[in-house]
Structure formats: C-alpha cells, structure tokens
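Below is coords_25.tsv, which holds TSV, C-alpha atoms.
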chain	number	residue	atom	x	y	z
A	1	MET	CA	-37.00	10.28	-4.36
A	2	SER	CA	-34.21	8.13	-2.90
A	3	ASP	CA	-30.45	8.63	-3.11
A	4	ALA	CA	-29.93	5.37	-4.99
A	5	ALA	CA	-29.95	6.93	-8.47
A	6	PRO	CA	-27.48	9.79	-7.82
A	7	ILE	CA	-25.14	7.45	-5.91
A	8	ASP	CA	-25.20	4.97	-8.81
A	9	ARG	CA	-24.49	7.75	-11.33
A	10	PHE	CA	-21.62	9.04	-9.18
A	11	LEU	CA	-20.03	5.59	-8.96
A	12	GLU	CA	-20.43	5.08	-12.72
A	13	MET	CA	-18.53	8.34	-13.27
A	14	MET	CA	-15.78	7.32	-10.83
A	15	ALA	CA	-15.31	4.02	-12.65
A	16	ALA	CA	-15.48	5.38	-16.20
A	17	GLU	CA	-13.65	8.71	-15.88
A	18	ARG	CA	-11.27	8.20	-12.95
A	19	GLY	CA	-10.60	4.48	-13.21
A	20	ALA	CA	-11.54	3.81	-9.58
A	21	SER	CA	-10.95	0.21	-8.52
A	22	ARG	CA	-13.71	-2.12	-7.38
A	23	ASN	CA	-12.54	-1.83	-3.77
A	24	THR	CA	-12.63	1.98	-3.97
A	25	LEU	CA	-16.10	1.95	-5.51
A	26	ALA	CA	-17.37	-0.45	-2.84
A	27	ALA	CA	-15.95	1.82	-0.09
A	28	TYR	CA	-17.61	4.91	-1.61
A	29	ARG	CA	-20.90	3.09	-1.86
A	30	ARG	CA	-20.77	1.97	1.78
A	31	ASP	CA	-19.90	5.47	3.01
A	32	LEU	CA	-22.57	7.23	0.94
A	33	GLU	CA	-25.32	4.72	1.67
A	34	GLN	CA	-24.51	4.90	5.38
A	35	ALA	CA	-24.64	8.70	5.25
A	36	ALA	CA	-27.96	8.58	3.38
A	37	GLY	CA	-29.37	6.37	6.12
A	38	LEU	CA	-28.36	8.83	8.85
A	39	VAL	CA	-29.77	12.06	7.41
A	40	ARG	CA	-33.40	13.11	7.26
A	41	GLY	CA	-34.60	13.40	3.70
A	42	ARG	CA	-32.29	12.90	0.75
A	43	LEU	CA	-28.53	13.07	1.18
A	44	ALA	CA	-28.31	14.72	-2.26
A	45	ASP	CA	-30.39	17.65	-0.92
A	46	ALA	CA	-28.44	18.06	2.36
A	47	ASP	CA	-26.97	21.43	3.34
A	48	ALA	CA	-23.85	22.22	5.36
A	49	ALA	CA	-25.76	22.16	8.69
A	50	VAL	CA	-26.99	18.63	7.99
A	51	LEU	CA	-23.49	17.50	7.04
A	52	ARG	CA	-21.99	19.01	10.21
A	53	LYS	CA	-24.46	17.00	12.27
A	54	LEU	CA	-23.58	13.93	10.23
A	55	MET	CA	-19.86	14.42	10.88
A	56	ALA	CA	-20.62	14.85	14.59
A	57	ASP	CA	-22.12	11.36	14.48
A	58	TYR	CA	-18.75	10.13	13.20
A	59	GLN	CA	-16.81	11.51	16.18
A	60	SER	CA	-16.49	8.05	17.72
A	61	LEU	CA	-14.65	6.82	14.62
A	62	ALA	CA	-10.91	7.04	14.05
A	63	ALA	CA	-9.94	10.35	12.50
A	64	SER	CA	-8.75	8.58	9.35
A	65	SER	CA	-12.13	6.86	8.92
A	66	ALA	CA	-14.07	10.09	9.42
A	67	ALA	CA	-11.76	11.86	6.95
A	68	ARG	CA	-12.39	9.13	4.37
A	69	LYS	CA	-16.15	9.53	4.76
A	70	LEU	CA	-15.88	13.30	4.37
A	71	SER	CA	-13.80	12.81	1.23
A	72	ALA	CA	-16.53	10.60	-0.24
A	73	LEU	CA	-19.13	13.27	0.53
A	74	ARG	CA	-17.03	16.04	-1.02
A	75	GLN	CA	-16.56	14.10	-4.23
A	76	PHE	CA	-20.24	13.11	-4.33
A	77	PHE	CA	-21.45	16.70	-3.98
A	78	ALA	CA	-18.79	17.93	-6.44
A	79	PHE	CA	-20.28	15.47	-8.94
A	80	LEU	CA	-23.81	16.75	-8.29
A	81	LEU	CA	-22.55	20.32	-8.75
A	82	ASP	CA	-20.88	19.45	-12.06
A	83	GLU	CA	-24.03	17.69	-13.23
A	84	GLY	CA	-26.17	20.76	-12.42
A	85	ASP	CA	-28.19	18.83	-9.83
A	86	ARG	CA	-27.44	21.42	-7.14
A	87	PRO	CA	-25.82	24.88	-7.01
A	88	ASP	CA	-23.11	24.22	-4.42
A	89	ASN	CA	-20.92	21.72	-2.64
A	90	PRO	CA	-21.89	21.95	1.06
A	91	ALA	CA	-19.20	19.45	2.07
A	92	LEU	CA	-16.50	22.03	1.32
A	93	ASP	CA	-17.64	23.98	4.41
A	94	ILE	CA	-16.93	21.02	6.71
A	95	ALA	CA	-13.55	20.99	8.45
A	96	ARG	CA	-11.49	17.90	7.74
A	97	PRO	CA	-10.81	15.76	10.85
A	98	THR	CA	-7.20	16.05	11.95
A	99	THR	CA	-5.28	12.94	11.09
A	100	ARG	CA	-1.75	11.91	11.85
A	101	ARG	CA	-0.23	9.38	9.53
A	102	PRO	CA	1.56	6.72	11.62
A	103	LEU	CA	5.13	5.84	10.77
A	104	PRO	CA	5.26	2.47	9.02
A	105	ARG	CA	6.77	-0.52	10.74
A	106	ILE	CA	10.03	-1.53	9.12
A	107	LEU	CA	12.49	-4.40	9.27
A	108	THR	CA	16.17	-3.89	9.97
A	109	HIS	CA	18.78	-4.86	7.40
A	110	ALA	CA	19.73	-7.77	9.69
A	111	ASP	CA	16.12	-9.03	9.75
A	112	VAL	CA	15.94	-8.92	5.97
A	113	GLU	CA	19.26	-10.75	5.66
A	114	ARG	CA	18.00	-13.51	7.97
A	115	LEU	CA	14.85	-13.93	5.85
A	116	PHE	CA	16.88	-14.19	2.64
A	117	ASP	CA	19.47	-16.50	4.19
A	118	ARG	CA	16.74	-18.92	5.22
A	119	ALA	CA	14.88	-18.67	1.89
A	120	ASP	CA	18.15	-19.20	-0.04
A	121	GLU	CA	19.03	-22.20	2.11
A	122	GLU	CA	15.64	-23.86	1.62
A	123	ALA	CA	15.73	-23.28	-2.15
A	124	ALA	CA	19.34	-24.51	-2.55
A	125	GLY	CA	20.41	-27.70	-4.26
A	126	GLU	CA	19.76	-29.30	-7.62
A	127	ALA	CA	16.17	-30.35	-6.90
A	128	PRO	CA	14.72	-28.05	-4.19
A	129	PRO	CA	11.00	-28.19	-3.33
A	130	ALA	CA	8.91	-26.06	-5.69
A	131	ALA	CA	7.37	-24.27	-2.69
A	132	ALA	CA	10.84	-23.17	-1.54
A	133	VAL	CA	11.72	-21.74	-4.97
A	134	ARG	CA	8.37	-19.96	-5.08
A	135	MET	CA	8.91	-18.51	-1.61
A	136	LEU	CA	12.32	-17.18	-2.62
A	137	LEU	CA	10.87	-15.49	-5.70
A	138	LEU	CA	7.98	-13.98	-3.71
A	139	LEU	CA	10.48	-12.57	-1.22
A	140	GLU	CA	12.72	-11.20	-3.99
A	141	LEU	CA	9.79	-9.36	-5.60
A	142	LEU	CA	8.38	-8.01	-2.33
A	143	TYR	CA	11.64	-6.60	-1.04
A	144	GLY	CA	13.46	-6.12	-4.34
A	145	SER	CA	10.65	-4.44	-6.28
A	146	GLY	CA	8.33	-3.06	-3.58
A	147	LEU	CA	5.17	-4.66	-4.94
A	148	ARG	CA	1.87	-4.54	-3.10
A	149	ALA	CA	0.65	-7.97	-1.98
A	150	SER	CA	-2.32	-7.86	-4.38
A	151	GLU	CA	-0.05	-6.88	-7.28
A	152	LEU	CA	2.39	-9.67	-6.52
A	153	VAL	CA	0.02	-12.61	-6.17
A	154	SER	CA	-1.94	-11.62	-9.28
A	155	LEU	CA	1.08	-11.28	-11.59
A	156	PRO	CA	0.27	-12.90	-14.93
A	157	ARG	CA	2.50	-15.63	-16.30
A	158	ARG	CA	3.40	-13.39	-19.26
A	159	ALA	CA	5.15	-11.05	-16.82
A	160	ILE	CA	8.26	-13.24	-17.14
A	161	ALA	CA	8.22	-13.46	-20.93
A	162	GLY	CA	11.51	-12.48	-22.58
A	163	GLU	CA	14.60	-10.85	-21.14
A	164	ARG	CA	13.65	-7.76	-19.19
A	165	GLU	CA	14.97	-5.65	-16.34
A	166	TYR	CA	11.57	-4.46	-15.19
A	167	LEU	CA	7.98	-5.58	-14.71
A	168	ILE	CA	4.88	-3.78	-15.96
A	169	ILE	CA	2.52	-3.66	-12.99
A	170	ARG	CA	-1.17	-2.81	-13.10
A	171	GLY	CA	-1.81	-1.23	-9.71
A	172	LYS	CA	-4.42	0.88	-7.95
A	173	GLY	CA	-6.92	2.60	-10.20
A	174	ASP	CA	-5.91	0.18	-12.98
A	175	LYS	CA	-2.82	2.33	-13.62
A	176	GLU	CA	0.33	0.80	-15.07
A	177	ARG	CA	3.87	1.46	-13.85
A	178	LEU	CA	7.34	0.04	-14.31
A	179	VAL	CA	9.13	-1.56	-11.37
A	180	PRO	CA	12.76	-2.74	-11.31
A	181	LEU	CA	13.61	-6.41	-11.56
A	182	SER	CA	16.92	-7.14	-9.85
A	183	GLU	CA	19.45	-9.69	-11.05
A	184	ARG	CA	18.62	-11.82	-8.01
A	185	ALA	CA	14.91	-11.71	-8.88
A	186	ARG	CA	15.63	-12.65	-12.50
A	187	GLY	CA	17.68	-15.57	-11.26
A	188	ALA	CA	14.81	-16.71	-9.03
A	189	LEU	CA	12.40	-16.32	-11.97
A	190	ASP	CA	14.61	-18.53	-14.12
A	191	ARG	CA	14.48	-21.22	-11.45
A	192	TRP	CA	10.70	-20.91	-10.95
A	193	ALA	CA	9.62	-20.86	-14.61
A	194	PRO	CA	10.36	-24.59	-15.31
A	195	LEU	CA	8.35	-25.56	-12.22
A	196	LEU	CA	5.18	-23.76	-13.33
A	197	ALA	CA	2.29	-26.02	-14.29
A	198	ASP	CA	1.20	-25.76	-17.92
A	199	GLY	CA	-2.05	-23.97	-18.70
A	200	SER	CA	-2.25	-21.52	-15.81
A	201	PRO	CA	-2.29	-17.80	-16.72
A	202	TRP	CA	-0.79	-16.88	-13.33
A	203	LEU	CA	2.82	-16.63	-12.22
A	204	PHE	CA	1.83	-17.97	-8.80
A	205	PRO	CA	-1.09	-20.34	-9.48
A	206	SER	CA	-3.14	-21.98	-6.77
A	207	GLY	CA	-6.15	-24.13	-7.63
A	208	LYS	CA	-8.23	-22.39	-10.28
A	209	SER	CA	-6.81	-18.96	-9.47
A	210	HIS	CA	-3.63	-17.56	-7.93
A	211	VAL	CA	-2.14	-17.57	-4.43
A	212	SER	CA	-4.25	-15.37	-2.16
A	213	ARG	CA	-2.99	-12.40	-0.16
A	214	VAL	CA	-3.92	-14.25	3.04
A	215	ARG	CA	-1.83	-17.25	2.00
A	216	LEU	CA	1.11	-14.98	1.11
A	217	PHE	CA	0.86	-13.43	4.57
A	218	GLN	CA	0.88	-16.88	6.18
A	219	MET	CA	3.86	-18.09	4.14
A	220	LEU	CA	5.90	-15.01	5.05
A	221	ARG	CA	5.23	-15.43	8.75
A	222	ASP	CA	6.10	-19.11	8.58
A	223	LEU	CA	9.40	-18.20	6.87
A	224	ALA	CA	10.09	-15.54	9.52
A	225	GLY	CA	9.62	-18.11	12.27
A	226	ARG	CA	12.06	-20.49	10.62
A	227	ALA	CA	14.54	-17.62	10.09
A	228	GLY	CA	14.51	-16.51	13.72
A	229	VAL	CA	12.68	-13.25	12.99
A	230	ASP	CA	9.62	-12.22	15.02
A	231	PRO	CA	6.70	-13.42	12.82
A	232	THR	CA	4.41	-10.68	14.13
A	233	ALA	CA	6.80	-8.08	12.69
A	234	VAL	CA	6.69	-9.49	9.15
A	235	SER	CA	4.04	-9.00	6.47
A	236	PRO	CA	3.96	-8.18	2.75
A	237	HIS	CA	3.29	-4.54	3.57
A	238	VAL	CA	6.21	-4.37	6.02
A	239	LEU	CA	8.55	-5.71	3.34
A	240	ARG	CA	7.26	-3.07	0.92
A	241	HIS	CA	8.03	-0.45	3.58
A	242	ALA	CA	11.50	-1.94	4.04
A	243	PHE	CA	12.10	-1.71	0.28
A	244	ALA	CA	11.21	2.01	0.32
A	245	THR	CA	13.02	2.91	3.53
A	246	HIS	CA	16.24	1.10	2.68
A	247	LEU	CA	16.29	2.65	-0.80
A	248	LEU	CA	15.87	6.10	0.69
A	249	GLU	CA	18.64	5.41	3.19
A	250	GLY	CA	20.84	4.51	0.24
A	251	GLY	CA	20.22	7.87	-1.43
A	252	ALA	CA	17.27	7.12	-3.73
A	253	ASP	CA	15.41	10.10	-5.18
A	254	LEU	CA	11.99	10.61	-3.59
A	255	ARG	CA	10.27	11.15	-6.95
A	256	ALA	CA	11.76	7.93	-8.34
A	257	LEU	CA	10.59	6.12	-5.20
A	258	GLN	CA	7.08	7.51	-5.72
A	259	LEU	CA	7.01	6.08	-9.25
A	260	MET	CA	8.28	2.67	-8.16
A	261	LEU	CA	5.74	2.42	-5.33
A	262	GLY	CA	2.87	3.61	-7.53
A	263	HIS	CA	1.79	6.44	-5.21
A	264	ALA	CA	-0.57	8.91	-6.88
A	265	ASP	CA	0.48	11.68	-4.47
A	266	ILE	CA	4.09	12.25	-3.43
A	267	ALA	CA	2.79	13.23	0.03
A	268	THR	CA	2.18	9.51	0.58
A	269	THR	CA	5.80	8.76	-0.27
A	270	GLU	CA	7.08	11.50	2.03
A	271	ILE	CA	6.25	9.37	5.08
A	272	TYR	CA	9.55	7.59	4.40
A	273	THR	CA	11.49	10.82	4.85
A	274	HIS	CA	10.23	10.85	8.45
A	275	VAL	CA	11.46	7.29	8.95
A	276	ASP	CA	14.85	8.24	7.51
A	277	SER	CA	15.02	11.36	9.71
A	278	ARG	CA	14.43	9.19	12.77
A	279	ARG	CA	17.35	7.00	11.72
A	280	LEU	CA	19.58	10.06	11.34
A	281	VAL	CA	18.71	11.25	14.84
A	282	GLU	CA	19.59	7.81	16.22
A	283	LEU	CA	22.88	7.97	14.31
A	284	VAL	CA	23.75	11.34	15.87
A	285	ASN	CA	22.87	10.05	19.34
A	286	GLN	CA	25.15	7.04	18.89
A	287	ARG	CA	28.10	8.50	16.95
A	288	HIS	CA	28.34	12.23	17.70
A	289	PRO	CA	31.28	13.12	20.00
A	290	LEU	CA	28.88	14.83	22.43
A	291	ALA	CA	26.95	11.59	22.84
A	292	ARG	CA	30.02	10.07	24.51
A	293	MET	CA	30.40	12.87	27.04
A	294	ASP	CA	29.13	12.17	30.53
A	295	GLY	CA	25.90	13.92	31.35
A	296	VAL	CA	25.05	14.82	27.75
A	297	ASP	CA	22.00	13.28	26.11
A	298	LEU	CA	21.10	14.26	22.56
A	299	ARG	CA	17.38	13.75	22.25
A	300	THR	CA	14.97	13.82	19.34
A	301	PRO	CA	13.52	17.36	19.09
A	302	SER	CA	9.89	17.65	20.11
A	303	SER	CA	8.98	19.56	16.96

Structure translated into structure tokens:
Amino acid sequence: MSDAAPIDRFLEMMAAERGASRNTLAAYRRDLEQAAGLVRGRLADADAAVLRKLMADYQSLAASSAARKLSALRQFFAFLLDEGDRPDNPALDIARPTTRRPLPRILTHADVERLFDRADEEAAGEAPPAAAVRMLLLLELLYGSGLRASELVSLPRRAIAGEREYLIIRGKGDKERLVPLSERARGALDRWAPLLADGSPWLFPSGKSHVSRVRLFQMLRDLAGRAGVDPTAVSPHVLRHAFATHLLEGGADLRALQLMLGHADIATTEIYTHVDSRRLVELVNQRHPLARMDGVDLRTPSS
C-alpha cells in the first residue's frame, strides 16, 4: 500500500478541523510526499530509527526548513495515532533542529516619514493620478494597520462600507481579526473610493482580479526610490515590521500587538521585544553619562 491515502486523509483533516490554508496544505503535502519518497517501505509504518535517518538526510537544509519538515511529520503521525492506524508517534522521539529566529529588518522613523512625504506629495492636488491615491492608501494600510501583503491586496470592496474605525481581516488559517483604521487611512479611503471602477469586488482591482503581491512589492520599491530611501530596504513585510516595532516603542501592549498582527502564538510577536531591547541598548550607549567618559564603552551584553 502507498502513503497517498493516509496523506490525503491527513490533509482533509487539517483543512476541515484546523482551517489550514491552501498554502499550508500544499507545504505539508510536499514535505510528506518527499519524506515518503526517501524512506524504504511506507512512511506511515516508519519507526523512530527510520525517521532519524530521514532527518539526517535533511542536515544540508537550513535549520528552519528541517524543523518545518519535522513538524509536518509529527502532526502526520499524531493524526495516524488518533485514527488508530498505529500505536505511537515515532516523530516525538526526534530532536527538533535548533533554530534561531532572525531579527526582522525595520525602517527608521525618518525613512517612514520620507515615504509618506513623497506619497502625500504625489497624491496632492484637486485631481491627482488615481495610481498616486492608491499608493498612498496602500502605504497607510501597510504601516498604519500592519496588514500582510496578501491580506492587503485581496481586501474586498465592502471593507470600506460605512463609517468604521477598524477593518475585519480574514488572515492565515481563514481566521478573522480586527485591525485599526487610522484617521489618515480613512481620509485616504475617502479619496480612493470615488476613483474605483464600478463592478469590481476588490478594493484594489487589477484586470479581472486584484493587484498582486509582486506588483505591490514593485510599487513600494519604486516609491522608495523616488523618496530617497534605499529600495532594497523596503518591502510590504518590512513595513509590517515597522508598524509593530514602532508601536512597541511607543508603549503598546504585547498582547494587543499579537491580536493586531494576527499571530496565533505570542512567541512570534515576542521577536519585536528583542528589536526594542536593541534600541534601548543603543540609547544607553548614546545618552548615558558613562558613554561620554573617555575610555568607557558600553557594549551590548553577549547573553
């Protein structure tokens, strides 16, 4: 018997019971089918020794990639255990590869101001180009609401219906959350709404669908170049990081930030506390009285 049937049943469960997105399901399928092709016999019958050998084959991969593959295996075997197809979960005996989450790249407040100054300038006047008004709104929602690129470009037209101070976003895992809508963003929405073509269900239509994530990336980098900001330092994800980091610097609660960003686990949000800690160390090095004394250098602790 092949592994096709149990893998299909596992993915059906992930979609129906856990609301896994299509991208997540596709990643699980790739990882499990690859694993099935590397083991002798059926993957569903593998023991811990077989899985250790399999993980050894993944040593050339980045630790994060190997950890993702192990996670897929653990969930697959947990499903088989729950279904009574086997008596154990051999993947639990496999040590998780050590990963170190990198600190996100962020923009300075000055960089963000330059982006907004340029976007405001291009969208000024009584009859600005529609593309300029759209760019200003995209920027307002990326930095002002912390949306993911995919969430932003796929916003439905009905998202701007009525007077509201928030947007209802359908994010990863098809889960809904509320995100704040600033006064500036509402103003940009009011300017963009009359320019929308009739008949499209999207807030940012393009052809028969909506603006793509790739096109959003290109437009942001083009704006950065015109604003005098390094284009290679700007992306939708970097602006989302800037939203989170600058909020935390301003005293935002970490749990509230988790909800706004749509993180399932607060451990994901905690990466921004490391960014903020780095800023505090730089502040001490620049402003502490000892930093001005000859021969004294306050360094970041190694721990």

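Of the residues listed (A:Arg226, A:His109, A:Arg52, A:Arg118), A:Arg52 shows the shortest atom-to-atom separation from Pro90 of chain A; distances use all atoms listed in the file.
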
Worksheet item: Quick one: distance from atom CA of Ala95 of chain A to atom CA of Ala63 of chain A in Å, one decimal?
Response: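 So the two atoms, atom CA of Ala95 of chain A and atom CA of Ala63 of chain A, lie 11.9 Å apart.
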
Practice prompt. Identify which of the residues A:Leu54, A:Leu167, A:Val234, A:Ala159 lies closest to Gln34 of chain A, counting all atoms listed in the file when measuring atom-to-atom distances.
Written response: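 Closest candidate: A:Leu54.
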
Worksheet item: Which polymer residues have any atom within 8 Å of an atom of Leu70 of chain A, counting all atoms listed in the file, with same-chain residues fewer than 4 positions away left out, as a list in words?
Response: Met55, Ala66, Arg74, Ala91 and Arg96 of chain A

Restricting the output to C-alpha atoms, write the selected residues as a compact mmCIF listing (two decimals), in the frame of the given file.
# COMPACT_ATOMS: atom_id res chain seq x y z
CA MET A 55 -19.86 14.42 10.88
CA ALA A 66 -14.07 10.09 9.42
CA ARG A 74 -17.03 16.04 -1.02
CA ALA A 91 -19.20 19.45 2.07
CA ARG A 96 -11.49 17.90 7.74

Worksheet item: For Glu113 of chain A, which of A:Tyr166, A:Tyr143, A:Phe76, A:Tyr28 is the closest residue, counting all atoms listed in the file?
Response: A:Tyr143

Practice prompt. To one decimal in Å, tell me the separation between atom CA of Pro231 of chain A and atom CA of Glu249 of chain A.
Written response: 24.3 Å

Worksheet item: Of the candidates A:Phe79, A:Ala44, A:Leu216, A:Ser65, which shows the shortest atom-to-atom distance to Glu17 of chain A, using all atoms listed in the file?
Response: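 Residue with the minimum atom-to-atom distance to Glu17 of chain A: A:Phe79.
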
Fill in: Interatomic distance, atom CA of Val238 of chain A to atom CA of Ala149 of chain A (Å, one decimal)
10.4 Å

Worksheet item: Within 12 Å of (10.8, 5.1, -10.4), in the coordinates the file gives, what residues turn up when you count only C-alpha atoms, written out as a list in words?
Response: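 Answer for this query, in the requested form: Ser145, Gly146, Tyr166, Leu167, Arg177, Leu178, Val179, Pro180, Leu181, Ala244, Leu247, Ala252, Asp253, Leu254, Arg255, Ala256, Leu257, Gln258, Leu259, Met260, Leu261, Gly262, His263 and Thr269 of chain A.
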
Discussion item. Which residue is closest to Arg29 of chain A? Choose from A:Leu196, A:Ala119, A:Val214, A:Leu73 and count only C-alpha atoms.
Written reply: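 Looking only at the distances to Arg29 of chain A, the closest residue turns out to be A:Leu73.
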
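For Ala48 of chain A, the residues within 9 Å (counting only C-alpha atoms, excluding itself and residues fewer than 2 positions away along the chain) are Ala46, Val50, Leu51, Arg52, Lys53, Asn89, Pro90, Ala91, Leu92, Asp93 and Ile94 of chain A.
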
Practice prompt. Counting only C-alpha atoms, note down every residue that has an atom within 10 Å of the point (12.3, -18.5, -11.2) (file coordinates), as number ranges by chain.
Written response: A: 130, 133-134, 136-138, 160, 184-196, 203

Just write the chosen residues, C-alpha atoms, as a compact mmCIF listing (two decimals), in the frame of the given file.
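Output file part-v4.txt follows:
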# COMPACT_ATOMS: atom_id res chain seq x y z
CA ALA A 130 8.91 -26.06 -5.69
CA VAL A 133 11.72 -21.74 -4.97
CA ARG A 134 8.37 -19.96 -5.08
CA LEU A 136 12.32 -17.18 -2.62
CA LEU A 137 10.87 -15.49 -5.70
CA LEU A 138 7.98 -13.98 -3.71
CA ILE A 160 8.26 -13.24 -17.14
CA ARG A 184 18.62 -11.82 -8.01
CA ALA A 185 14.91 -11.71 -8.88
CA ARG A 186 15.63 -12.65 -12.50
CA GLY A 187 17.68 -15.57 -11.26
CA ALA A 188 14.81 -16.71 -9.03
CA LEU A 189 12.40 -16.32 -11.97
CA ASP A 190 14.61 -18.53 -14.12
CA ARG A 191 14.48 -21.22 -11.45
CA TRP A 192 10.70 -20.91 -10.95
CA ALA A 193 9.62 -20.86 -14.61
CA PRO A 194 10.36 -24.59 -15.31
CA LEU A 195 8.35 -25.56 -12.22
CA LEU A 196 5.18 -23.76 -13.33
CA LEU A 203 2.82 -16.63 -12.22

Worksheet item: Asp8 of chain A: which residues within 12 Å, counting all atoms listed in the file, same-chain residues fewer than 3 positions away excluded, as a list in words?
Response: Ser2, Asp3, Ala4, Ala5, Leu11, Glu12, Met13, Met14, Ala15, Leu25, Ala26, Tyr28, Arg29, Arg30, Leu32, Glu33, Phe76, Phe79 and Leu80 of chain A

Output of the above residues as a PDB file, keeping the file's coordinate frame, restricted to C-alpha atoms:
ATOM      1  CA  SER A   2     -34.210   8.130  -2.900  1.00  0.00           C
ATOM      2  CA  ASP A   3     -30.450   8.630  -3.110  1.00  0.00           C
ATOM      3  CA  ALA A   4     -29.930   5.370  -4.990  1.00  0.00           C
ATOM      4  CA  ALA A   5     -29.950   6.930  -8.470  1.00  0.00           C
ATOM      5  CA  LEU A  11     -20.030   5.590  -8.960  1.00  0.00           C
ATOM      6  CA  GLU A  12     -20.430   5.080 -12.720  1.00  0.00           C
ATOM      7  CA  MET A  13     -18.530   8.340 -13.270  1.00  0.00           C
ATOM      8  CA  MET A  14     -15.780   7.320 -10.830  1.00  0.00           C
ATOM      9  CA  ALA A  15     -15.310   4.020 -12.650  1.00  0.00           C
ATOM     10  CA  LEU A  25     -16.100   1.950  -5.510  1.00  0.00           C
ATOM     11  CA  ALA A  26     -17.370  -0.450  -2.840  1.00  0.00           C
ATOM     12  CA  TYR A  28     -17.610   4.910  -1.610  1.00  0.00           C
ATOM     13  CA  ARG A  29     -20.900   3.090  -1.860  1.00  0.00           C
ATOM     14  CA  ARG A  30     -20.770   1.970   1.780  1.00  0.00           C
ATOM     15  CA  LEU A  32     -22.570   7.230   0.940  1.00  0.00           C
ATOM     16  CA  GLU A  33     -25.320   4.720   1.670  1.00  0.00           C
ATOM     17  CA  PHE A  76     -20.240  13.110  -4.330  1.00  0.00           C
ATOM     18  CA  PHE A  79     -20.280  15.470  -8.940  1.00  0.00           C
ATOM     19  CA  LEU A  80     -23.810  16.750  -8.290  1.00  0.00           C
TER      20      LEU A  80
END
